[in-house]
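Engineer: PDB, C-alpha atoms, saved as data-v4.pdb, coming up:
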ATOM      1  CA  MET A  38       0.000   0.000   0.000
ATOM      2  CA  GLU A  39       1.392   3.403  -0.979
ATOM      3  CA  VAL A  40       0.607   4.829   2.463
ATOM      4  CA  ASN A  41       2.915   2.309   4.114
ATOM      5  CA  ASP A  42       5.697   3.235   1.694
ATOM      6  CA  VAL A  43       5.306   6.912   2.632
ATOM      7  CA  ILE A  44       5.448   6.087   6.339
ATOM      8  CA  THR A  45       8.566   3.958   5.773
ATOM      9  CA  MET A  46      10.200   6.798   3.824
ATOM     10  CA  ILE A  47       9.484   9.404   6.525
ATOM     11  CA  ASN A  48      10.760   7.136   9.267
ATOM     12  CA  TYR A  49      13.928   6.574   7.217
ATOM     13  CA  ILE A  50      14.407  10.334   6.758
ATOM     14  CA  ASN A  51      13.973  10.854  10.498
ATOM     15  CA  GLU A  52      16.382   8.081  11.592
ATOM     16  CA  GLY A  53      19.257  10.353  12.541
ATOM     17  CA  LYS A  54      17.386  13.584  13.287
ATOM     18  CA  LYS A  55      13.723  14.434  13.077
ATOM     19  CA  ILE A  56      13.368  16.423   9.873
ATOM     20  CA  CYS A  57       9.791  15.678   8.811
ATOM     21  CA  ASN A  58       7.003  16.233  11.347
ATOM     22  CA  GLY A  59       3.951  15.567   9.251
ATOM     23  CA  VAL A  60       2.117  14.704   6.066
ATOM     24  CA  GLY A  61       0.028  16.785   3.707
ATOM     25  CA  MET A  62      -2.801  14.854   2.069
ATOM     26  CA  GLN A  63      -3.372  16.696  -1.207
ATOM     27  CA  SER A  64      -6.999  15.737  -1.671
ATOM     28  CA  HIS A  65      -8.125  16.158  -5.267
ATOM     29  CA  LEU A  66     -10.670  13.365  -4.963
ATOM     30  CA  SER A  67     -13.501  11.778  -6.909
ATOM     31  CA  THR A  68     -16.638  10.200  -5.505
ATOM     32  CA  THR A  69     -15.670   7.073  -7.455
ATOM     33  CA  TYR A  70     -12.073   6.970  -6.142
ATOM     34  CA  PRO A  71     -10.811   6.847  -3.520
ATOM     35  CA  SER A  72     -13.649   5.308  -1.571
ATOM     36  CA  VAL A  73     -14.510   6.860   1.767
ATOM     37  CA  ASP A  74     -13.075   3.844   3.596
ATOM     38  CA  TYR A  75      -9.842   3.916   1.587
ATOM     39  CA  TYR A  76      -9.290   7.638   2.215
ATOM     40  CA  LEU A  77      -9.989   7.356   5.944
ATOM     41  CA  SER A  78      -7.774   4.293   6.246
ATOM     42  CA  ALA A  79      -4.886   6.303   4.777
ATOM     43  CA  LEU A  80      -5.581   9.215   7.138
ATOM     44  CA  LYS A  81      -5.695   6.965  10.194
ATOM     45  CA  SER A  82      -2.473   5.237   9.163
ATOM     46  CA  PHE A  83      -0.603   8.551   9.094
ATOM     47  CA  LEU A  84      -2.121   9.613  12.429
ATOM     48  CA  ASN A  85      -1.333   6.285  14.087
ATOM     49  CA  ALA A  86       2.257   6.603  12.880
ATOM     50  CA  GLY A  87       2.481   9.764  14.993
ATOM     51  CA  PHE A  88       2.447  12.332  12.200
ATOM     52  CA  GLU A  89       0.702  15.698  12.060
ATOM     53  CA  VAL A  90      -1.701  15.639   9.100
ATOM     54  CA  GLN A  91      -2.963  18.518   6.994
ATOM     55  CA  ILE A  92      -5.755  17.915   4.464
ATOM     56  CA  THR A  93      -5.122  20.313   1.601
ATOM     57  CA  GLU A  94      -6.630  21.224  -1.775
ATOM     58  CA  LEU A  95      -9.849  19.314  -1.049
ATOM     59  CA  ASP A  96     -12.304  19.041  -3.932
ATOM     60  CA  ALA A  97     -14.119  16.107  -5.516
ATOM     61  CA  THR A  98     -15.385  15.401  -9.000
ATOM     62  CA  ASN A  99     -18.760  13.726  -8.796
ATOM     63  CA  LYS A 100     -21.967  12.493 -10.456
ATOM     64  CA  GLY A 101     -24.088  15.357  -9.134
ATOM     65  CA  ASP A 102     -24.611  17.625  -6.149
ATOM     66  CA  GLN A 103     -26.234  14.995  -3.918
ATOM     67  CA  ASP A 104     -23.475  12.514  -4.773
ATOM     68  CA  LEU A 105     -20.873  15.120  -3.774
ATOM     69  CA  SER A 106     -22.791  15.941  -0.593
ATOM     70  CA  ASN A 107     -23.005  12.315   0.484
ATOM     71  CA  TYR A 108     -19.307  11.723  -0.201
ATOM     72  CA  LEU A 109     -18.000  14.791   1.621
ATOM     73  CA  TYR A 110     -20.399  14.267   4.523
ATOM     74  CA  SER A 111     -19.149  10.708   5.012
ATOM     75  CA  ILE A 112     -15.495  11.737   4.924
ATOM     76  CA  LEU A 113     -15.651  14.966   6.898
ATOM     77  CA  LYS A 114     -17.869  13.664   9.685
ATOM     78  CA  GLN A 115     -15.216  11.089  10.498
ATOM     79  CA  VAL A 116     -12.346  13.538   9.992
ATOM     80  CA  MET A 117     -13.910  15.885  12.546
ATOM     81  CA  GLN A 118     -14.627  13.041  14.949
ATOM     82  CA  LEU A 119     -10.944  12.123  14.787
ATOM     83  CA  LYS A 120      -9.974  15.744  15.412
ATOM     84  CA  LYS A 121     -12.404  15.969  18.312
ATOM     85  CA  SER A 122     -10.883  12.820  19.844
ATOM     86  CA  GLY A 123      -7.483  14.526  19.943
ATOM     87  CA  LYS A 124      -5.862  13.364  16.708
ATOM     88  CA  ASN A 125      -3.228  15.694  15.253
ATOM     89  CA  ILE A 126      -5.133  17.127  12.255
ATOM     90  CA  THR A 127      -4.163  20.785  11.913
ATOM     91  CA  CYS A 128      -5.570  21.951   8.570
ATOM     92  CA  LEU A 129      -8.495  21.417   6.220
ATOM     93  CA  THR A 130      -8.439  23.506   3.045
ATOM     94  CA  ILE A 131     -11.186  23.513   0.384
ATOM     95  CA  TRP A 132      -9.520  24.091  -2.992
ATOM     96  CA  GLY A 133     -11.525  26.959  -4.401
ATOM     97  CA  LEU A 134     -14.472  29.269  -3.798
ATOM     98  CA  ALA A 135     -17.027  28.042  -6.320
ATOM     99  CA  ASP A 136     -17.591  25.850  -9.372
ATOM    100  CA  ASP A 137     -17.515  28.825 -11.747
ATOM    101  CA  VAL A 138     -13.857  29.472 -10.863
ATOM    102  CA  THR A 139     -12.626  25.925 -10.221
ATOM    103  CA  TRP A 140      -9.324  24.851 -11.735
ATOM    104  CA  ILE A 141     -10.948  21.610 -12.993
ATOM    105  CA  ARG A 142     -12.479  22.541 -16.345
ATOM    106  CA  GLY A 143     -16.042  21.375 -16.874
ATOM    107  CA  GLU A 144     -16.420  19.886 -13.379
ATOM    108  CA  LYS A 145     -18.408  20.934 -10.302
ATOM    109  CA  PRO A 146     -16.238  19.790  -7.401
ATOM    110  CA  LEU A 147     -16.855  22.543  -4.822
ATOM    111  CA  LEU A 148     -19.446  23.643  -2.247
ATOM    112  CA  PHE A 149     -20.802  26.690  -4.088
ATOM    113  CA  SER A 150     -22.115  27.000  -7.642
ATOM    114  CA  ASN A 151     -20.985  30.608  -7.558
ATOM    115  CA  ILE A 152     -19.933  32.848  -4.700
ATOM    116  CA  TYR A 153     -23.580  33.598  -3.825
ATOM    117  CA  THR A 154     -25.106  30.123  -4.266
ATOM    118  CA  PRO A 155     -24.310  27.307  -1.821
ATOM    119  CA  LYS A 156     -25.035  23.769  -3.019
ATOM    120  CA  THR A 157     -26.529  20.790  -1.230
ATOM    121  CA  ALA A 158     -22.941  19.726  -0.542
ATOM    122  CA  TYR A 159     -22.370  22.935   1.459
ATOM    123  CA  TYR A 160     -25.178  22.002   3.827
ATOM    124  CA  GLY A 161     -23.923  18.425   3.900
ATOM    125  CA  VAL A 162     -20.556  19.641   5.192
ATOM    126  CA  LEU A 163     -22.260  21.771   7.857
ATOM    127  CA  GLN A 164     -24.328  18.764   8.878
ATOM    128  CA  ALA A 165     -21.163  16.667   9.148
ATOM    129  CA  PHE A 166     -19.752  19.316  11.488
ATOM    130  CA  LYS A 167     -22.853  19.128  13.673
ATOM    131  CA  ASP A 168     -23.193  15.342  13.593
ATOM    132  CA  SER A 169     -19.556  14.878  14.582
ATOM    133  CA  GLY A 170     -20.352  16.529  17.905
ATOM    134  CA  TYR A 171     -19.243  20.095  17.329
ATOM    135  CA  THR A 172     -21.416  23.138  17.965
ATOM    136  CA  SER A 173     -20.831  26.789  17.169
ATOM    137  CA  SER A 174     -21.914  29.665  19.384
ATOM    138  CA  SER A 175     -20.455  32.342  17.151
ATOM    139  CA  SER A 176     -22.565  34.297  14.689
ATOM    140  CA  SER A 177     -21.809  35.000  11.050
ATOM    141  CA  SER A 178     -23.050  37.286   8.335
ATOM    142  CA  GLN A 179     -25.540  34.594   7.344
ATOM    143  CA  GLY A 180     -27.078  34.051  10.777
ATOM    144  CA  THR A 181     -26.524  32.747  14.275
ATOM    145  CA  SER A 182     -25.458  29.425  15.668
ATOM    146  CA  SER A 183     -25.159  26.498  13.299
ATOM    147  CA  GLY A 184     -25.380  24.105  16.230
ATOM    148  CA  SER A 185     -28.353  21.969  17.089
ATOM    149  CA  SER A 186     -31.550  23.783  17.919
ATOM    150  CA  SER A 187     -32.986  23.492  21.397
ATOM    151  CA  SER A 188     -35.919  24.837  23.315
ATOM    152  CA  SER A 189     -33.688  27.532  24.828
ATOM    153  CA  GLN A 190     -33.242  29.030  21.362
ATOM    154  CA  THR A 191     -36.938  29.401  20.672
ATOM    155  CA  ASN A 192     -39.399  32.116  21.505
ATOM    156  CA  SER A 193     -42.660  30.228  21.258
ATOM    157  CA  GLY A 194     -45.844  32.255  21.119
ATOM    158  CA  THR A 195     -44.006  35.335  19.851
ATOM    159  CA  ILE A 196     -46.241  35.439  16.782
ATOM    160  CA  LYS A 197     -49.785  36.362  17.776
ATOM    161  CA  ASP A 198     -52.832  34.677  16.290
ATOM    162  CA  GLY A 199     -53.878  36.391  13.086
ATOM    163  CA  TRP A 200     -53.346  36.749   9.350
ATOM    164  CA  TYR A 201     -49.881  37.381   7.915
ATOM    165  CA  TYR A 202     -47.848  37.604   4.759
ATOM    166  CA  ILE A 203     -44.611  35.695   5.414
ATOM    167  CA  LYS A 204     -41.586  37.128   3.581
ATOM    168  CA  ASN A 205     -38.245  35.390   3.153
ATOM    169  CA  VAL A 206     -35.301  37.539   4.263
ATOM    170  CA  HIS A 207     -32.857  36.399   1.580
ATOM    171  CA  ALA A 208     -35.160  36.364  -1.438
ATOM    172  CA  GLN A 209     -37.440  39.204  -0.270
ATOM    173  CA  LYS A 210     -40.343  37.154  -1.644
ATOM    174  CA  TYR A 211     -43.378  35.620  -0.020
ATOM    175  CA  LEU A 212     -44.406  32.156   1.112
ATOM    176  CA  GLN A 213     -47.204  31.064  -1.225
ATOM    177  CA  VAL A 214     -49.021  28.074  -2.667
ATOM    178  CA  ALA A 215     -48.271  27.314  -6.294
ATOM    179  CA  GLY A 216     -50.848  28.710  -8.679
ATOM    180  CA  ASN A 217     -52.824  30.278  -5.802
ATOM    181  CA  LYS A 218     -54.683  26.967  -5.505
ATOM    182  CA  GLY A 219     -56.366  25.256  -2.577
ATOM    183  CA  GLY A 220     -56.077  21.515  -2.118
ATOM    184  CA  ASN A 221     -54.177  18.567  -0.722
ATOM    185  CA  GLY A 222     -50.606  18.196  -1.945
ATOM    186  CA  VAL A 223     -50.350  21.661  -3.503
ATOM    187  CA  ASN A 224     -46.710  22.756  -3.514
ATOM    188  CA  VAL A 225     -45.444  25.653  -1.404
ATOM    189  CA  GLU A 226     -42.897  28.065  -2.875
ATOM    190  CA  ILE A 227     -41.905  31.738  -2.841
ATOM    191  CA  GLY A 228     -43.219  34.487  -5.107
ATOM    192  CA  THR A 229     -43.369  38.224  -5.626
ATOM    193  CA  GLY A 230     -45.911  39.874  -3.335
ATOM    194  CA  SER A 231     -49.293  40.224  -5.020
ATOM    195  CA  GLY A 232     -51.770  40.086  -2.142
ATOM    196  CA  VAL A 233     -53.526  36.937  -3.364
ATOM    197  CA  ARG A 234     -55.126  34.560  -0.865
ATOM    198  CA  GLY A 235     -52.442  31.980  -1.575
ATOM    199  CA  GLN A 236     -49.886  34.323   0.048
ATOM    200  CA  LYS A 237     -51.889  34.801   3.257
ATOM    201  CA  TRP A 238     -51.389  32.589   6.307
ATOM    202  CA  TYR A 239     -53.336  32.426   9.563
ATOM    203  CA  VAL A 240     -51.258  31.766  12.678
ATOM    204  CA  LYS A 241     -53.119  29.793  15.343
ATOM    205  CA  ASN A 242     -51.183  29.108  18.543
ATOM    206  CA  LEU A 243     -51.851  25.666  20.027
ATOM    207  CA  GLY A 244     -50.773  26.377  23.587
ATOM    208  CA  ASN A 245     -47.852  23.934  23.424
ATOM    209  CA  GLY A 246     -45.281  26.298  21.935
ATOM    210  CA  TYR A 247     -46.294  25.448  18.382
ATOM    211  CA  PHE A 248     -48.738  26.963  15.909
ATOM    212  CA  THR A 249     -50.443  26.002  12.678
ATOM    213  CA  LEU A 250     -50.463  28.007   9.464
ATOM    214  CA  GLU A 251     -53.688  27.966   7.486
ATOM    215  CA  ASN A 252     -53.500  29.324   3.967
ATOM    216  CA  GLY A 253     -56.042  31.827   2.676
ATOM    217  CA  ASN A 254     -57.414  29.047   0.485
ATOM    218  CA  GLY A 255     -58.385  26.961   3.521
ATOM    219  CA  TYR A 256     -55.592  24.356   3.713
ATOM    220  CA  MET A 257     -52.805  23.917   6.253
ATOM    221  CA  LEU A 258     -49.070  24.266   5.778
ATOM    222  CA  ASP A 259     -47.875  20.665   5.916
ATOM    223  CA  LEU A 260     -44.612  18.715   5.932
ATOM    224  CA  GLN A 261     -45.106  16.043   3.279
ATOM    225  CA  TYR A 262     -45.458  12.559   4.809
ATOM    226  CA  GLY A 263     -44.249  14.037   8.118
ATOM    227  CA  GLU A 264     -40.683  13.152   7.135
ATOM    228  CA  ASN A 265     -37.878  14.113   9.492
ATOM    229  CA  LYS A 266     -35.177  14.587   6.875
ATOM    230  CA  ASP A 267     -33.474  17.329   4.885
ATOM    231  CA  GLY A 268     -35.223  18.083   1.617
ATOM    232  CA  ALA A 269     -38.672  16.903   2.728
ATOM    233  CA  ASN A 270     -41.191  18.941   0.753
ATOM    234  CA  ILE A 271     -43.544  21.569   2.124
ATOM    235  CA  GLN A 272     -47.104  21.491   0.794
ATOM    236  CA  THR A 273     -50.689  22.251   1.817
ATOM    237  CA  TYR A 274     -53.090  19.649   3.171
ATOM    238  CA  GLN A 275     -56.415  19.561   4.953
ATOM    239  CA  ALA A 276     -56.264  20.054   8.735
ATOM    240  CA  ASN A 277     -55.613  16.762  10.540
ATOM    241  CA  ASN A 278     -53.997  17.749  13.878
ATOM    242  CA  ALA A 279     -50.789  15.943  12.883
ATOM    243  CA  THR A 280     -47.379  17.107  14.103
ATOM    244  CA  ALA A 281     -46.505  17.565  10.412
ATOM    245  CA  GLN A 282     -48.707  20.684  10.550
ATOM    246  CA  GLN A 283     -47.124  22.183  13.684
ATOM    247  CA  PHE A 284     -44.384  24.818  13.648
ATOM    248  CA  LYS A 285     -42.534  27.094  16.045
ATOM    249  CA  ALA A 286     -41.056  30.574  15.626
ATOM    250  CA  VAL A 287     -37.377  31.002  16.517
ATOM    251  CA  SER A 288     -36.393  34.629  16.989
ATOM    252  CA  THR A 289     -33.277  35.645  15.035
ATOM    253  CA  GLY A 290     -33.483  39.342  15.931
ATOM    254  CA  ASN A 291     -34.760  42.384  14.042
ATOM    255  CA  ASN A 292     -38.290  40.909  13.875
ATOM    256  CA  THR A 293     -37.118  37.938  11.811
ATOM    257  CA  TYR A 294     -37.782  34.298  12.643
ATOM    258  CA  GLY A 295     -36.865  30.794  11.734
ATOM    259  CA  ILE A 296     -39.883  28.519  11.358
ATOM    260  CA  VAL A 297     -38.889  25.132  12.782
ATOM    261  CA  THR A 298     -40.865  21.905  12.524
ATOM    262  CA  ARG A 299     -42.219  19.899  15.449
ATOM    263  CA  VAL A 300     -41.530  16.661  13.562
ATOM    264  CA  SER A 301     -37.789  17.403  13.752
ATOM    265  CA  SER A 302     -37.902  18.468  17.424
ATOM    266  CA  ASP A 303     -37.061  22.011  16.230
ATOM    267  CA  LYS A 304     -33.859  20.928  14.470
ATOM    268  CA  ARG A 305     -35.126  21.547  10.915
ATOM    269  CA  SER A 306     -36.956  24.488   9.419
ATOM    270  CA  LEU A 307     -38.632  26.007   6.386
ATOM    271  CA  ASP A 308     -35.871  26.620   3.854
ATOM    272  CA  VAL A 309     -35.873  28.255   0.399
ATOM    273  CA  TYR A 310     -34.067  25.572  -1.552
ATOM    274  CA  ASN A 311     -30.493  26.266  -2.654
ATOM    275  CA  TRP A 312     -30.757  29.944  -1.711
ATOM    276  CA  GLY A 313     -33.032  30.567  -4.696
ATOM    277  CA  THR A 314     -34.577  33.979  -5.233
ATOM    278  CA  GLY A 315     -36.777  33.479  -8.292
ATOM    279  CA  ASP A 316     -40.548  33.189  -8.310
ATOM    280  CA  GLY A 317     -41.525  29.556  -7.916
ATOM    281  CA  THR A 318     -38.409  28.515  -5.976
ATOM    282  CA  ASN A 319     -39.363  25.532  -3.837
ATOM    283  CA  VAL A 320     -39.688  25.612  -0.062
ATOM    284  CA  CYS A 321     -38.585  22.473   1.773
ATOM    285  CA  GLN A 322     -37.416  21.362   5.212
ATOM    286  CA  TRP A 323     -33.694  21.610   6.001
ATOM    287  CA  SER A 324     -31.422  21.499   9.017
ATOM    288  CA  TYR A 325     -31.867  24.786  10.827
ATOM    289  CA  MET A 326     -28.796  27.035  10.820
ATOM    290  CA  ALA A 327     -30.477  30.465  10.992
ATOM    291  CA  ALA A 328     -29.237  31.197   7.468
ATOM    292  CA  ASN A 329     -30.949  34.061   5.680
ATOM    293  CA  ASN A 330     -32.821  31.698   3.363
ATOM    294  CA  GLN A 331     -34.328  30.205   6.539
ATOM    295  CA  LYS A 332     -35.373  33.545   8.062
ATOM    296  CA  TRP A 333     -38.858  34.971   7.676
ATOM    297  CA  ILE A 334     -40.684  38.223   8.418
ATOM    298  CA  PHE A 335     -44.334  38.083   9.515
ATOM    299  CA  GLU A 336     -46.246  41.032   8.052
ATOM    300  CA  ALA A 337     -49.686  41.411   9.631
ATOM    301  CA  THR A 338     -52.622  41.698   7.252
ATOM    302  CA  SER A 339     -56.348  41.041   7.124
ATOM    303  CA  LYS A 340     -58.073  38.156   5.417
TER     304      LYS A 340
END
As a first step, turn the structure in this file into structure tokens.

Structural biologist:
Amino acid sequence: MEVNDVITMINYINEGKKICNGVGMQSHLSTTYPSVDYYLSALKSFLNAGFEVQITELDATNKGDQDLSNYLYSILKQVMQLKKSGKNITCLTIWGLADDVTWIRGEKPLLFSNIYTPKTAYYGVLQAFKDSGYTSSSSSSQGTSSGSSSSSQTNSGTIKDGWYYIKNVHAQKYLQVAGNKGGNGVNVEIGTGSGVRGQKWYVKNLGNGYFTLENGNGYMLDLQYGENKDGANIQTYQANNATAQQFKAVSTGNNTYGIVTRVSSDKRSLDVYNWGTGDGTNVCQWSYMAANNQKWIFEATSK
């Protein structure tokens, strides 16, 4: 195995006097090679040999954004668990800002499509950070903590019962049902404010910290199939008292709120997919990080 040859070479170099302290793993990868297990085996071999390791130039050619997300999540979750356990990993460098400026012509190996548009893989890396046991209490230009949500973060009951337009902070567009239609399974998206009934939502507090959102067309905001996973779709459905129709407001300051789902125990929220800003951009459930595409403004109105 090449890794063993490298370890043998470094030990040979250091026989008389320690000259080489560590190894840089230049990580221009592909989701087809090396496998996650192969890469991590190499990393652990260097660490177990007593070397400092720096992971540099990380990018990965792939079969699509979800493929890239799955691959990087699987690698980086374990890398960060090793770091958290005290292993001597001192650097992790992503090799480029976005796909539109990558050095690999015709490929999409990075976390952003362009400097303003994070991909599914970006959120996959953040999720790996969280799932490896790290939390962050520091804020950023995109929002507050990216750590796990908890009841201490929420301000339940902050939104009074009544009718509202609900505007997304990033897109500056409104939560609406597609085609201004009423019905079961009608998709929920964002759109330019027009005052139609499909953009109006009635907040009804349930007395348990959660509320429901009834659309102006008479159907409830609903998490499709009640799925507790990233990417689960948001739709409308007839009222059924299910937890899939219960939400909580999380204050993010300046009269903006995350809208987290009871199904996820407040860990996931309404999210404008892929930071989209165009009319018709889909709204789904995603891990809550208080990013601007997950922040909403409640604008009071009448029915």

Engineer: Taking the file as I've supplied it (selection: the PyMOL selection byres ((chain A and resi 242) around 12)), which residues are included? Please answer as number ranges by chain.

Structural biologist: A: 193-199, 239-241, 243-251, 282-286

Engineer: Which residues match the PyMOL selection byres ((chain A and resi 271-279) around 8) in the file above, as a PyMOL selection string?

Structural biologist: chain A and resi 214+219-225+252+255-261+269-270+280-283+307+320-322

Engineer: Taking the file as shown, what set of residues would the PyMOL selection byres ((chain A and resi 73) around 12) give back, as an MDAnalysis selection string?

Structural biologist: chainID A and resid 66:72 74:80 97 105 107:116

Engineer: Excluding A:Leu148 and residues on its chain fewer than 3 positions from it, collect all residues at most 7 Å away from it, counting all atoms listed in the file, and give them as a list in words.

Structural biologist: Ala135, Pro155, Lys156, Ala158 and Tyr159 of chain A

Engineer: I'd like the interatomic distance between atom CA of A:Trp333 and atom CA of A:Ser169, to a tenth of an Å.

Structural biologist: 28.7 Å

Engineer: Quick one: pull the distance between atom CA of A:Thr154 and atom CA of A:Gly315, Å, one decimal.

Structural biologist: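 That distance, rounded to one decimal, is 12.8 Å.
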
Engineer: May I ask for the distance between atom CA of A:Leu134 and atom CA of A:Thr98, given in Å to one decimal place?

Structural biologist: 14.8 Å

Engineer: Axis-aligned box over every listed atom of stretch 284-291 of chain A, padded by 5 Å per side: centre and edges in Å to one decimal, as lines of an AutoDock Vina configuration file?

Structural biologist:
center_x = -38.8
center_y = 33.6
center_z = 15.3
size_x = 21.1
size_y = 27.6
size_z = 13.3

Engineer: In file coordinates, which residues lie within 10 Å of (-31.4, 20.8, 5.7) using all atoms listed in the file, given as JSON, numbers by chain?

Structural biologist: {"A": [157, 160, 161, 163, 164, 266, 267, 268, 269, 304, 305, 306, 307, 308, 310, 321, 322, 323, 324, 325, 326, 331]}

Engineer: Find the residue from A:Glu226, A:Glu336, A:Glu52, A:Glu264 that sits nearest to A:Gly317; use only C-alpha atoms when measuring.

Structural biologist: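 Smallest separation from A:Gly317 among the options: A:Glu226.
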
Engineer: List every protein, DNA or RNA residue with an atom no more than 10 Å from (-57.1, 37.7, 6.6) in the file's coordinates, counting only C-alpha atoms, and format the result as an MDAnalysis selection string.

Structural biologist: chainID A and resid 199:202 234 237:239 252:253 337:340

Engineer: Would you mind completing stretch 128-152 of chain A so that it carries N, CA and C atoms, and writing it out as an mmCIF file, in the frame of the given file?

Structural biologist:
data_model
loop_
_atom_site.group_PDB
_atom_site.id
_atom_site.type_symbol
_atom_site.label_atom_id
_atom_site.label_comp_id
_atom_site.auth_asym_id
_atom_site.auth_seq_id
_atom_site.Cartn_x
_atom_site.Cartn_y
_atom_site.Cartn_z
ATOM 1 N N CYS A 128 -5.141 21.108 9.682
ATOM 2 C CA CYS A 128 -5.570 21.951 8.570
ATOM 3 C C CYS A 128 -6.577 21.196 7.709
ATOM 4 N N LEU A 129 -7.579 21.921 7.243
ATOM 5 C CA LEU A 129 -8.495 21.417 6.220
ATOM 6 C C LEU A 129 -8.768 22.575 5.265
ATOM 7 N N THR A 130 -8.321 22.433 4.026
ATOM 8 C CA THR A 130 -8.439 23.506 3.045
ATOM 9 C C THR A 130 -9.268 23.046 1.852
ATOM 10 N N ILE A 131 -10.393 23.750 1.591
ATOM 11 C CA ILE A 131 -11.186 23.513 0.384
ATOM 12 C C ILE A 131 -10.504 24.236 -0.768
ATOM 13 N N TRP A 132 -10.341 23.555 -1.911
ATOM 14 C CA TRP A 132 -9.520 24.091 -2.992
ATOM 15 C C TRP A 132 -10.347 24.912 -3.987
ATOM 16 N N GLY A 133 -10.836 26.046 -3.502
ATOM 17 C CA GLY A 133 -11.525 26.959 -4.401
ATOM 18 C C GLY A 133 -12.809 27.483 -3.800
ATOM 19 N N LEU A 134 -13.270 28.619 -4.319
ATOM 20 C CA LEU A 134 -14.472 29.269 -3.798
ATOM 21 C C LEU A 134 -15.745 28.680 -4.368
ATOM 22 N N ALA A 135 -15.778 28.442 -5.681
ATOM 23 C CA ALA A 135 -17.027 28.042 -6.320
ATOM 24 C C ALA A 135 -16.743 27.355 -7.655
ATOM 25 N N ASP A 136 -17.752 26.606 -8.132
ATOM 26 C CA ASP A 136 -17.591 25.850 -9.372
ATOM 27 C C ASP A 136 -17.273 26.726 -10.577
ATOM 28 N N ASP A 137 -17.746 27.980 -10.572
ATOM 29 C CA ASP A 137 -17.515 28.825 -11.747
ATOM 30 C C ASP A 137 -16.081 29.331 -11.838
ATOM 31 N N VAL A 138 -15.268 29.072 -10.808
ATOM 32 C CA VAL A 138 -13.857 29.472 -10.863
ATOM 33 C C VAL A 138 -12.933 28.299 -10.516
ATOM 34 N N THR A 139 -13.461 27.077 -10.554
ATOM 35 C CA THR A 139 -12.626 25.925 -10.221
ATOM 36 C C THR A 139 -11.543 25.719 -11.276
ATOM 37 N N TRP A 140 -10.443 25.128 -10.823
ATOM 38 C CA TRP A 140 -9.324 24.851 -11.735
ATOM 39 C C TRP A 140 -9.608 23.643 -12.629
ATOM 40 N N ILE A 141 -10.635 22.823 -12.231
ATOM 41 C CA ILE A 141 -10.948 21.610 -12.993
ATOM 42 C C ILE A 141 -11.998 21.944 -14.044
ATOM 43 N N ARG A 142 -11.595 22.096 -15.266
ATOM 44 C CA ARG A 142 -12.479 22.541 -16.345
ATOM 45 C C ARG A 142 -13.653 21.580 -16.545
ATOM 46 N N GLY A 143 -14.849 22.152 -16.588
ATOM 47 C CA GLY A 143 -16.042 21.375 -16.874
ATOM 48 C C GLY A 143 -16.565 20.543 -15.715
ATOM 49 N N GLU A 144 -15.977 20.667 -14.535
ATOM 50 C CA GLU A 144 -16.420 19.886 -13.379
ATOM 51 C C GLU A 144 -17.051 20.792 -12.333
ATOM 52 N N LYS A 145 -17.738 20.187 -11.373
ATOM 53 C CA LYS A 145 -18.408 20.934 -10.302
ATOM 54 C C LYS A 145 -18.018 20.316 -8.957
ATOM 55 N N PRO A 146 -16.762 20.541 -8.543
ATOM 56 C CA PRO A 146 -16.238 19.790 -7.401
ATOM 57 C C PRO A 146 -16.320 20.509 -6.059
ATOM 58 N N LEU A 147 -16.936 21.702 -6.015
ATOM 59 C CA LEU A 147 -16.855 22.543 -4.822
ATOM 60 C C LEU A 147 -18.216 22.708 -4.146
ATOM 61 N N LEU A 148 -18.254 23.519 -3.092
ATOM 62 C CA LEU A 148 -19.446 23.643 -2.247
ATOM 63 C C LEU A 148 -20.415 24.723 -2.703
ATOM 64 N N PHE A 149 -19.955 25.611 -3.581
ATOM 65 C CA PHE A 149 -20.802 26.690 -4.088
ATOM 66 C C PHE A 149 -20.842 26.620 -5.613
ATOM 67 N N SER A 150 -22.016 26.880 -6.182
ATOM 68 C CA SER A 150 -22.115 27.000 -7.642
ATOM 69 C C SER A 150 -21.430 28.266 -8.110
ATOM 70 N N ASN A 151 -21.707 29.351 -7.417
ATOM 71 C CA ASN A 151 -20.985 30.608 -7.558
ATOM 72 C C ASN A 151 -20.884 31.197 -6.163
ATOM 73 N N ILE A 152 -20.250 32.326 -6.032
ATOM 74 C CA ILE A 152 -19.933 32.848 -4.700
ATOM 75 C C ILE A 152 -21.181 33.130 -3.874
#
